[in-house]
file work.txt (compact mmCIF, C-alpha atoms and all ligand atoms)
# COMPACT_ATOMS: atom_id res chain seq x y z
CA MET A 193 -0.90 23.17 22.77
CA ASN A 194 -0.68 26.85 21.90
CA VAL A 195 2.12 28.55 20.04
CA ARG A 196 4.11 30.52 22.58
CA ASN A 197 6.40 33.46 22.22
CA ASP A 198 6.88 34.26 25.87
CA TRP A 199 9.50 31.65 26.77
CA SER A 200 11.72 32.45 29.72
CA LEU A 201 15.43 31.73 29.54
CA ALA A 202 15.02 29.03 32.20
CA GLU A 203 12.32 27.29 30.15
CA VAL A 204 14.49 27.34 27.03
CA GLU A 205 17.47 26.00 28.97
CA GLU A 206 15.24 23.24 30.33
CA LEU A 207 14.30 22.26 26.77
CA PHE A 208 17.94 22.30 25.66
CA ALA A 209 18.83 20.04 28.57
CA LEU A 210 16.37 17.33 27.51
CA PRO A 211 17.81 14.04 26.26
CA PHE A 212 17.82 14.10 22.47
CA MET A 213 15.08 11.49 22.01
CA ASP A 214 12.81 13.31 24.47
CA LEU A 215 13.39 16.51 22.54
CA MET A 216 12.54 14.70 19.30
CA PHE A 217 9.34 13.39 20.89
CA ARG A 218 8.34 16.90 21.97
CA ALA A 219 9.10 18.22 18.48
CA GLN A 220 6.95 15.47 16.92
CA GLN A 221 4.05 16.36 19.21
CA VAL A 222 4.18 19.99 18.12
CA HIS A 223 4.70 19.03 14.47
CA ARG A 224 1.67 16.72 14.43
CA LEU A 225 -0.54 19.45 15.87
CA HIS A 226 0.16 21.68 12.90
CA HIS A 227 1.07 19.40 9.97
CA ALA A 228 0.12 16.11 8.37
CA PRO A 229 2.26 13.62 10.28
CA ASN A 230 3.70 11.68 7.36
CA THR A 231 4.23 14.25 4.66
CA VAL A 232 7.24 16.41 3.97
CA GLN A 233 7.49 19.66 2.06
CA ILE A 234 9.69 19.46 -1.01
CA SER A 235 11.67 22.64 -1.43
CA THR A 236 14.19 23.88 -3.93
CA LEU A 237 17.37 25.68 -2.94
CA LEU A 238 19.38 27.33 -5.70
CA SER A 239 22.92 28.55 -5.20
CA ILE A 240 23.11 31.81 -7.14
CA LYS A 241 26.80 32.45 -6.44
CA THR A 242 29.03 29.57 -5.58
CA GLY A 243 32.53 29.25 -4.21
CA ASP A 244 35.49 31.56 -3.53
CA CYS A 245 34.01 32.63 -0.21
CA PRO A 246 36.59 34.46 1.93
CA GLU A 247 35.11 33.13 5.17
CA ASP A 248 36.56 30.16 7.03
CA CYS A 249 33.61 27.92 7.87
CA ALA A 250 35.44 24.60 7.98
CA TYR A 251 32.35 22.54 7.17
CA CYS A 252 31.57 24.45 3.99
CA PRO A 253 33.05 23.54 0.58
CA GLN A 254 32.54 27.11 -0.64
CA SER A 255 35.34 28.51 1.52
CA VAL A 256 38.33 29.51 -0.58
CA ARG A 257 40.57 28.37 2.25
CA TYR A 258 40.09 24.68 1.45
CA ASP A 259 40.65 22.69 -1.72
CA THR A 260 37.34 20.89 -2.09
CA GLY A 261 37.21 20.59 -5.85
CA LEU A 262 34.14 22.80 -5.99
CA GLU A 263 33.76 24.71 -9.25
CA THR A 264 33.11 28.39 -8.64
CA GLU A 265 30.26 30.13 -10.38
CA GLU A 266 29.67 33.84 -10.80
CA LEU A 267 26.52 35.54 -9.53
CA MET A 268 23.55 34.40 -11.62
CA GLU A 269 21.55 36.99 -13.49
CA LEU A 270 18.17 37.73 -11.95
CA GLU A 271 16.39 36.53 -15.08
CA SER A 272 18.15 33.15 -14.83
CA VAL A 273 17.12 32.82 -11.19
CA ALA A 274 13.52 33.67 -12.09
CA ALA A 275 13.57 31.12 -14.92
CA ARG A 276 14.84 28.40 -12.61
CA ALA A 277 12.14 29.26 -10.05
CA ALA A 278 9.37 29.29 -12.65
CA ARG A 279 10.12 25.76 -13.96
CA PRO A 280 8.05 26.12 -17.14
CA GLY A 281 5.83 23.12 -17.76
CA LYS A 282 6.37 21.76 -14.28
CA PRO A 283 4.48 22.40 -11.07
CA ALA A 284 5.96 25.17 -8.96
CA PRO A 285 7.80 23.93 -5.90
CA PRO A 286 6.00 24.67 -2.63
CA ALA A 287 9.04 26.62 -1.54
CA PHE A 288 11.87 28.12 -3.53
CA ALA A 289 14.87 29.72 -1.88
CA TRP A 290 18.14 30.99 -3.18
CA ALA A 291 21.43 31.22 -1.42
CA ARG A 292 24.57 33.14 -2.13
CA ARG A 293 27.88 32.80 -0.42
CA THR A 294 28.86 35.59 2.01
CA ASP A 295 27.67 39.15 1.48
CA ARG A 296 24.08 40.19 1.10
CA PRO A 297 22.51 41.02 -2.25
CA SER A 298 22.38 44.74 -2.96
CA ARG A 299 19.28 46.79 -2.20
CA ARG A 300 18.87 47.19 -5.96
CA ILE A 301 18.64 43.42 -6.45
CA CYS A 302 16.22 43.01 -3.53
CA ALA A 303 14.00 45.80 -4.86
CA ARG A 304 13.58 43.94 -8.16
S1 LIG B 401 29.40 30.29 2.01
FE1 LIG B 401 28.61 30.73 4.07
S2 LIG B 401 28.99 28.86 5.21
FE2 LIG B 401 30.26 28.75 3.38
S3 LIG B 401 32.26 29.55 3.95
FE3 LIG B 401 31.07 31.27 3.12
S4 LIG B 401 30.09 32.21 4.91
FE4 LIG B 401 30.80 30.15 5.52

call {"tool": "encode", "arguments": {"input": "work.txt", "output": "structure tokens", "more": "lines below"}}
Ligand code: SF4
result
Amino acid sequence: MNVRNDWSLAEVEELFALPFMDLMFRAQQVHRLHHAPNTVQISTLLSIKTGDCPEDCAYCPQSVRYDTGLETEELMELESVAARAARPGKPAPPAFAWARRTDRPSRRICAR
């Protein structure tokens, strides 16, 4: 099974129309071609700015529009983010990602 990037809209719609368990079966077939079947990647996700989001995503506790009891946190300093990613004395996580509510980080932050 080759990786494809030439899917037609009809082919994608056909996939979306599959019963859920058939779709899961297809996904497992592709997964097993490219990954060890019974291992999972452990990743770390760090929220670098939490809460007080002006958006209205009803599922998200970070929206300021709902009282979820979430404590807000200001934007973390870059050095603090780097320290959390480095995990001194511990093995580095295979994947480290950070997330921030709403707007993008500035170009200055990304350049660093
Ligand atoms: S943090 Fe993201 S998902 Fe949550 S309310 Fe804001 S925009 Fe929506």

call {"tool": "closest_atom_pairs", "arguments": {"input": "work.txt", "of": "region 218-275 of chain A", "to": "region 203-213 of chain A", "cutoff": "12 Å", "atoms": "all atoms listed in the file", "output": "tab-separated table"}}
result
residue	atom	partner	partner_atom	distance
A:Arg218	CA	A:Met213	CA	8.6
A:Ala219	CA	A:Met213	CA	9.7
A:Gln220	CA	A:Met213	CA	10.4

call {"tool": "residues_around", "arguments": {"input": "work.txt", "residues": "Ser239 (chain A)", "least_positions_apart": "3", "cutoff": "8 Å", "atoms": "only C-alpha atoms", "output": "list in words"}}
result
Thr242, Trp290, Ala291 and Arg292 of chain A

call {"tool": "residues_around", "arguments": {"input": "work.txt", "residues": "region 270-286 of chain A", "least_positions_apart": "5", "cutoff": "8 Å", "atoms": "all atoms listed in the file", "output": "list in words"}}
result
Gln233, Ile234, Ser235, Thr236, Ile240 and Ile301 of chain A

call {"tool": "write_last_selection", "arguments": {"input": "work.txt", "atoms": "C-alpha atoms", "output": "mmCIF file, in the frame of the given file"}}
result
data_model
loop_
_atom_site.group_PDB
_atom_site.id
_atom_site.type_symbol
_atom_site.label_atom_id
_atom_site.label_comp_id
_atom_site.auth_asym_id
_atom_site.auth_seq_id
_atom_site.Cartn_x
_atom_site.Cartn_y
_atom_site.Cartn_z
ATOM 1 C CA GLN A 233 7.490 19.660 2.060
ATOM 2 C CA ILE A 234 9.690 19.460 -1.010
ATOM 3 C CA SER A 235 11.670 22.640 -1.430
ATOM 4 C CA THR A 236 14.190 23.880 -3.930
ATOM 5 C CA ILE A 240 23.110 31.810 -7.140
ATOM 6 C CA ILE A 301 18.640 43.420 -6.450
#

call {"tool": "residues_around", "arguments": {"input": "work.txt", "residues": "Tyr258 (chain A)", "least_positions_apart": "6", "cutoff": "9 Å", "atoms": "only C-alpha atoms", "output": "PyMOL selection string"}}
result
chain A and resi 248+250+252

call {"tool": "closest_residue", "arguments": {"input": "work.txt", "among": "A:Leu237, A:Val232, A:Pro253, A:Asn197", "to": "Phe288 (chain A)", "atoms": "only C-alpha atoms"}}
result
A:Leu237

call {"tool": "atom_distance", "arguments": {"input": "work.txt", "atom1": "CA of Lys241 (chain A)", "atom2": "atom S4 of ligand LIG 401 (chain B)"}}
result
11.8 Å

call {"tool": "residues_near_point", "arguments": {"input": "work.txt", "point": "(-2.5, 23.4, 21.0)", "cutoff": "9 Å", "atoms": "all atoms listed in the file", "output": "number ranges by chain"}}
result
A: 193-195, 222, 225-226

call {"tool": "atom_distance", "arguments": {"input": "work.txt", "atom1": "atom S1 of ligand LIG 401 (chain B)", "atom2": "CA of Ala289 (chain A)"}}
result
15.1 Å

call {"tool": "closest_residue", "arguments": {"input": "work.txt", "among": "A:Leu262, A:Leu267, A:Ala287, A:Cys249", "to": "ligand LIG 401 (chain B)", "atoms": "all atoms listed in the file"}}
result
A:Cys249
